[in-house]
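my_file_30.cif follows (mmCIF, C-alpha atoms):
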```cif
data_work
loop_
_atom_site.label_atom_id
_atom_site.label_comp_id
_atom_site.auth_asym_id
_atom_site.auth_seq_id
_atom_site.Cartn_x
_atom_site.Cartn_y
_atom_site.Cartn_z
CA MET B 412 -40.00 -10.89 35.39
CA ILE B 413 -36.64 -11.46 37.09
CA LYS B 414 -36.36 -9.90 40.52
CA ASN B 415 -33.21 -7.97 41.29
CA TYR B 416 -32.17 -9.01 44.81
CA TYR B 417 -28.80 -7.25 44.76
CA THR B 418 -29.78 -3.58 44.80
CA PRO B 419 -27.31 -0.89 45.92
CA PHE B 420 -29.44 -0.32 49.03
CA ARG B 421 -29.21 -3.95 50.10
CA ILE B 422 -25.48 -4.17 49.38
CA ILE B 423 -24.77 -1.04 51.45
CA LEU B 424 -27.03 -2.35 54.22
CA ILE B 425 -25.25 -5.71 54.39
CA LEU B 426 -21.79 -4.13 54.28
CA GLY B 427 -22.81 -1.64 56.97
CA PHE B 428 -24.00 -4.35 59.32
CA LEU B 429 -20.89 -6.47 58.67
CA PHE B 430 -18.74 -3.44 59.45
CA HIS B 431 -20.83 -2.89 62.60
CA ILE B 432 -20.00 -6.40 63.76
CA ALA B 433 -16.32 -5.72 63.07
CA VAL B 434 -16.43 -2.42 64.98
CA SER B 435 -18.10 -4.05 67.97
CA GLN B 436 -15.52 -6.86 68.00
CA ILE B 437 -12.44 -4.67 67.54
CA TRP B 438 -13.17 -1.51 69.53
CA GLY B 439 -15.85 -2.75 71.89
CA ARG B 440 -19.40 -1.77 72.57
CA GLU B 441 -18.72 1.91 73.33
CA TYR B 442 -18.16 2.70 69.64
CA ALA B 443 -20.68 0.21 68.25
CA ARG B 444 -23.66 2.21 69.50
CA TYR B 445 -22.53 5.41 67.80
CA TYR B 446 -21.70 3.56 64.60
CA MET B 447 -25.22 2.07 64.61
CA TYR B 448 -26.70 5.57 64.96
CA LEU B 449 -24.57 6.71 62.02
CA LEU B 450 -25.59 3.67 59.96
CA ILE B 451 -29.27 4.37 60.59
CA LEU B 452 -28.84 8.01 59.53
CA ILE B 453 -27.08 6.89 56.35
CA MET B 454 -29.73 4.26 55.54
CA ILE B 455 -32.75 6.59 55.83
CA PRO B 456 -32.06 8.53 52.57
CA PHE B 457 -31.40 5.27 50.70
CA LEU B 458 -34.66 3.83 52.02
CA ILE B 459 -36.59 6.94 50.96
CA PHE B 460 -35.00 6.81 47.51
CA GLU B 461 -35.95 3.14 47.08
CA LEU B 462 -39.54 3.81 48.18
CA VAL B 463 -39.90 6.75 45.77
CA LYS B 464 -38.54 4.58 42.95
CA GLN B 465 -40.94 1.78 43.90
CA ARG B 466 -43.90 4.18 43.95
CA ARG B 467 -43.06 5.44 40.46
CA GLU B 468 -42.82 1.86 39.24
CA ASP B 469 -46.18 1.03 40.81
CA LYS B 470 -47.84 3.97 39.08
CA ALA B 471 -46.38 2.89 35.74
CA THR B 472 -47.28 -0.79 36.03
CA GLY B 473 -50.38 -0.65 38.23
CA THR B 474 -49.01 -2.90 40.97
CA GLN B 475 -49.26 -2.42 44.74
CA ASN B 476 -45.70 -3.15 45.88
CA PHE B 477 -45.31 0.30 47.44
CA LYS B 478 -48.38 -0.17 49.61
CA LEU B 479 -47.15 -3.56 50.78
CA SER B 480 -43.73 -2.09 51.57
CA MET B 481 -45.29 0.67 53.64
CA TYR B 482 -47.38 -1.87 55.56
CA SER B 483 -44.31 -3.98 56.30
CA ILE B 484 -42.43 -0.90 57.53
CA LEU B 485 -45.33 0.08 59.80
CA ILE B 486 -45.63 -3.44 61.21
CA THR B 487 -41.88 -3.51 61.87
CA VAL B 488 -42.01 -0.14 63.66
CA VAL B 489 -44.86 -1.36 65.88
CA ILE B 490 -43.03 -4.59 66.77
CA VAL B 491 -39.79 -2.73 67.53
CA GLY B 492 -41.72 -0.22 69.65
CA ILE B 493 -43.41 -2.97 71.64
CA LEU B 494 -40.09 -4.75 72.19
CA PHE B 495 -38.46 -1.48 73.27
CA PHE B 496 -41.09 -0.86 75.92
CA LEU B 497 -41.00 -4.49 77.08
CA ILE B 498 -37.23 -4.42 77.47
CA ASN B 499 -37.14 -1.05 79.22
CA SER B 500 -40.13 -1.60 81.53
CA ASN B 501 -39.74 -2.12 85.24
CA TYR B 502 -42.41 -4.78 85.30
CA PRO B 503 -41.45 -8.43 85.25
CA SER B 504 -42.31 -10.19 82.04
CA ALA B 505 -42.43 -13.78 80.86
CA PHE B 506 -39.45 -13.34 78.51
#
```
As structure tokens, the full file:
Amino acid sequence: MIKNYYTPFRIILILGFLFHIAVSQIWGREYARYYMYLLILIMIPFLIFELVKQRREDKATGTQNFKLSMYSILITVVIVGILFFLINSNYPSAF
């Protein structure tokens, strides 16, 4: 089975982040934050669509790719949450 690495979701994600870098370099950081918020709001429906498609495929083939994707998303959310609280805490850290 050949894996398709160039999905529309990944292409839009890469182009969005490249455009974010361009926005932050051209107009400065004041617009980059709002563009990142917009990019996240645009990516959420695409992510949901990809997960629904993956769940349908798992039911048809009997694989567990959807479950592994959900675990990776949960682990990423936990790591980002921990980093957020470490960065915004008033306590000194070893970083």
What lies within 12 Å of stretch 484-488 of chain B using all atoms listed in the file, ignoring chain neighbours under 5 positions off, as an mmCIF file with C-alpha atoms, in the coordinates of the input?
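Now in part_38.cif:
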```cif
data_model
loop_
_atom_site.group_PDB
_atom_site.id
_atom_site.type_symbol
_atom_site.label_atom_id
_atom_site.label_comp_id
_atom_site.auth_asym_id
_atom_site.auth_seq_id
_atom_site.Cartn_x
_atom_site.Cartn_y
_atom_site.Cartn_z
ATOM 1 C CA LEU B 458 -34.660 3.830 52.020
ATOM 2 C CA ILE B 459 -36.590 6.940 50.960
ATOM 3 C CA LEU B 462 -39.540 3.810 48.180
ATOM 4 C CA PHE B 477 -45.310 0.300 47.440
ATOM 5 C CA LYS B 478 -48.380 -0.170 49.610
ATOM 6 C CA LEU B 479 -47.150 -3.560 50.780
ATOM 7 C CA ILE B 493 -43.410 -2.970 71.640
ATOM 8 C CA LEU B 494 -40.090 -4.750 72.190
ATOM 9 C CA PHE B 495 -38.460 -1.480 73.270
#
```
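The space separating atom CA of B:Ser480 from atom CA of B:Phe496 comes to 24.5 Å.
You will find atom CA of B:Phe428 at 8.4 Å from atom CA of B:Met447.
The closest residue to B:Ile422, picked from B:Gln475, B:Tyr482, B:Ile437, B:Met454 and counting all atoms listed in the file, is B:Met454.
Nearest-residue note for B:Ile423: choosing from B:Asn476, B:Met481, B:Asn499, B:Leu450, the minimum distance belongs to B:Leu450, counting only C-alpha atoms.
Closest approach to B:Phe430 among B:Ser483, B:Leu449, B:Thr418, B:Phe457: B:Leu449, based on all atoms listed in the file.
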Exercise. What does the PyMOL selection byres ((chain B and resi 446) around 10) select in this file, as a list in words?
Worked result: Gly427, Phe428, Phe430, His431, Val434, Ser435, Arg440, Glu441, Tyr442, Ala443, Arg444, Tyr445, Met447, Tyr448, Leu449, Leu450, Ile451 and Leu452 of chain B
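Atom pair atom CA of B:Phe420 / atom CA of B:Phe460: separated by 9.2 Å.
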Box for stretch 488-503 of chain B: with edges along x, y and z, all listed atoms inside and 8 Å added on each side, what are the centre and edge lengths in Å to one decimal, as JSON?
```
{"center_x": -41.0, "center_y": -4.3, "center_z": 74.5, "size_x": 23.7, "size_y": 24.3, "size_z": 37.6}
```
If you keep C-alpha atoms, can you output chain B as a PDB file, in the first residue's frame?
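Saved to out_25.pdb:
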```pdb
ATOM      1  CA  MET B 412       0.000   0.000   0.000  1.00  0.00           C
ATOM      2  CA  ILE B 413       1.464   3.354  -1.063  1.00  0.00           C
ATOM      3  CA  LYS B 414       1.028   6.113   1.484  1.00  0.00           C
ATOM      4  CA  ASN B 415      -0.177   9.457   0.219  1.00  0.00           C
ATOM      5  CA  TYR B 416       1.977  12.074   1.965  1.00  0.00           C
ATOM      6  CA  TYR B 417       0.718  15.036  -0.066  1.00  0.00           C
ATOM      7  CA  THR B 418      -2.863  15.400   1.129  1.00  0.00           C
ATOM      8  CA  PRO B 419      -4.773  18.675   0.687  1.00  0.00           C
ATOM      9  CA  PHE B 420      -4.674  19.179   4.465  1.00  0.00           C
ATOM     10  CA  ARG B 421      -0.887  18.957   4.589  1.00  0.00           C
ATOM     11  CA  ILE B 422      -0.419  21.196   1.547  1.00  0.00           C
ATOM     12  CA  ILE B 423      -2.685  23.884   3.033  1.00  0.00           C
ATOM     13  CA  LEU B 424      -0.920  23.546   6.386  1.00  0.00           C
ATOM     14  CA  ILE B 425       2.539  23.987   4.860  1.00  0.00           C
ATOM     15  CA  LEU B 426       1.444  26.920   2.701  1.00  0.00           C
ATOM     16  CA  GLY B 427      -0.251  28.533   5.701  1.00  0.00           C
ATOM     17  CA  PHE B 428       2.866  28.322   7.836  1.00  0.00           C
ATOM     18  CA  LEU B 429       5.067  29.601   5.001  1.00  0.00           C
ATOM     19  CA  PHE B 430       2.697  32.533   4.562  1.00  0.00           C
ATOM     20  CA  HIS B 431       2.840  33.079   8.343  1.00  0.00           C
ATOM     21  CA  ILE B 432       6.609  33.387   8.151  1.00  0.00           C
ATOM     22  CA  ALA B 433       6.232  35.880   5.294  1.00  0.00           C
ATOM     23  CA  VAL B 434       3.651  37.910   7.230  1.00  0.00           C
ATOM     24  CA  SER B 435       5.869  38.050  10.305  1.00  0.00           C
ATOM     25  CA  GLN B 436       8.861  39.160   8.222  1.00  0.00           C
ATOM     26  CA  ILE B 437       7.042  41.774   6.139  1.00  0.00           C
ATOM     27  CA  TRP B 438       4.540  43.364   8.524  1.00  0.00           C
ATOM     28  CA  GLY B 439       6.069  42.476  11.864  1.00  0.00           C
ATOM     29  CA  ARG B 440       4.890  40.560  14.863  1.00  0.00           C
ATOM     30  CA  GLU B 441       1.713  42.586  15.487  1.00  0.00           C
ATOM     31  CA  TYR B 442      -0.051  40.974  12.512  1.00  0.00           C
ATOM     32  CA  ALA B 443       1.587  37.550  12.820  1.00  0.00           C
ATOM     33  CA  ARG B 444      -0.320  36.696  15.998  1.00  0.00           C
ATOM     34  CA  TYR B 445      -3.707  37.409  14.444  1.00  0.00           C
ATOM     35  CA  TYR B 446      -2.786  35.525  11.285  1.00  0.00           C
ATOM     36  CA  MET B 447      -1.824  32.507  13.421  1.00  0.00           C
ATOM     37  CA  TYR B 448      -5.221  32.639  15.149  1.00  0.00           C
ATOM     38  CA  LEU B 449      -6.892  32.742  11.740  1.00  0.00           C
ATOM     39  CA  LEU B 450      -4.755  29.855  10.479  1.00  0.00           C
ATOM     40  CA  ILE B 451      -5.698  27.728  13.490  1.00  0.00           C
ATOM     41  CA  LEU B 452      -9.402  28.441  12.930  1.00  0.00           C
ATOM     42  CA  ILE B 453      -9.049  27.473   9.269  1.00  0.00           C
ATOM     43  CA  MET B 454      -7.129  24.267  10.067  1.00  0.00           C
ATOM     44  CA  ILE B 455      -9.634  22.893  12.612  1.00  0.00           C
ATOM     45  CA  PRO B 456     -12.341  21.962  10.035  1.00  0.00           C
ATOM     46  CA  PHE B 457      -9.725  20.368   7.768  1.00  0.00           C
ATOM     47  CA  LEU B 458      -8.387  18.356  10.702  1.00  0.00           C
ATOM     48  CA  ILE B 459     -11.882  17.185  11.644  1.00  0.00           C
ATOM     49  CA  PHE B 460     -12.578  16.204   8.032  1.00  0.00           C
ATOM     50  CA  GLU B 461      -9.347  14.183   7.840  1.00  0.00           C
ATOM     51  CA  LEU B 462     -10.111  12.413  11.126  1.00  0.00           C
ATOM     52  CA  VAL B 463     -13.645  11.510  10.006  1.00  0.00           C
ATOM     53  CA  LYS B 464     -12.248  10.162   6.727  1.00  0.00           C
ATOM     54  CA  GLN B 465      -9.624   8.173   8.627  1.00  0.00           C
ATOM     55  CA  ARG B 466     -12.258   6.713  10.973  1.00  0.00           C
ATOM     56  CA  ARG B 467     -14.370   5.563   8.024  1.00  0.00           C
ATOM     57  CA  GLU B 468     -11.306   3.960   6.468  1.00  0.00           C
ATOM     58  CA  ASP B 469     -10.478   2.203   9.747  1.00  0.00           C
ATOM     59  CA  LYS B 470     -13.988   0.765   9.986  1.00  0.00           C
ATOM     60  CA  ALA B 471     -13.759  -0.509   6.414  1.00  0.00           C
ATOM     61  CA  THR B 472     -10.295  -2.055   6.711  1.00  0.00           C
ATOM     62  CA  GLY B 473     -10.180  -2.952  10.411  1.00  0.00           C
ATOM     63  CA  THR B 474      -7.066  -0.910  11.192  1.00  0.00           C
ATOM     64  CA  GLN B 475      -6.441   1.352  14.196  1.00  0.00           C
ATOM     65  CA  ASN B 476      -4.966   4.455  12.559  1.00  0.00           C
ATOM     66  CA  PHE B 477      -7.734   6.695  13.929  1.00  0.00           C
ATOM     67  CA  LYS B 478      -7.031   5.629  17.500  1.00  0.00           C
ATOM     68  CA  LEU B 479      -3.322   6.269  17.064  1.00  0.00           C
ATOM     69  CA  SER B 480      -4.053   9.695  15.574  1.00  0.00           C
ATOM     70  CA  MET B 481      -6.252  10.615  18.520  1.00  0.00           C
ATOM     71  CA  TYR B 482      -3.549   9.514  20.968  1.00  0.00           C
ATOM     72  CA  SER B 483      -0.943  11.620  19.177  1.00  0.00           C
ATOM     73  CA  ILE B 484      -3.264  14.648  19.251  1.00  0.00           C
ATOM     74  CA  LEU B 485      -3.887  14.184  22.985  1.00  0.00           C
ATOM     75  CA  ILE B 486      -0.180  13.817  23.729  1.00  0.00           C
ATOM     76  CA  THR B 487       0.559  16.958  21.709  1.00  0.00           C
ATOM     77  CA  VAL B 488      -2.123  18.925  23.585  1.00  0.00           C
ATOM     78  CA  VAL B 489      -0.682  17.834  26.937  1.00  0.00           C
ATOM     79  CA  ILE B 490       2.871  18.795  25.925  1.00  0.00           C
ATOM     80  CA  VAL B 491       1.750  22.188  24.587  1.00  0.00           C
ATOM     81  CA  GLY B 492      -0.251  22.791  27.774  1.00  0.00           C
ATOM     82  CA  ILE B 493       2.728  21.966  29.974  1.00  0.00           C
ATOM     83  CA  LEU B 494       4.988  24.233  27.924  1.00  0.00           C
ATOM     84  CA  PHE B 495       2.413  27.035  28.086  1.00  0.00           C
ATOM     85  CA  PHE B 496       2.274  26.899  31.866  1.00  0.00           C
ATOM     86  CA  LEU B 497       6.067  26.636  32.154  1.00  0.00           C
ATOM     87  CA  ILE B 498       6.595  29.669  29.946  1.00  0.00           C
ATOM     88  CA  ASN B 499       3.923  31.774  31.642  1.00  0.00           C
ATOM     89  CA  SER B 500       4.747  30.833  35.240  1.00  0.00           C
ATOM     90  CA  ASN B 501       6.387  33.245  37.636  1.00  0.00           C
ATOM     91  CA  TYR B 502       8.579  30.549  39.087  1.00  0.00           C
ATOM     92  CA  PRO B 503      12.147  30.165  37.902  1.00  0.00           C
ATOM     93  CA  SER B 504      12.760  27.060  35.872  1.00  0.00           C
ATOM     94  CA  ALA B 505      15.806  25.217  34.590  1.00  0.00           C
ATOM     95  CA  PHE B 506      15.070  26.096  30.943  1.00  0.00           C
TER      96      PHE B 506
END
```
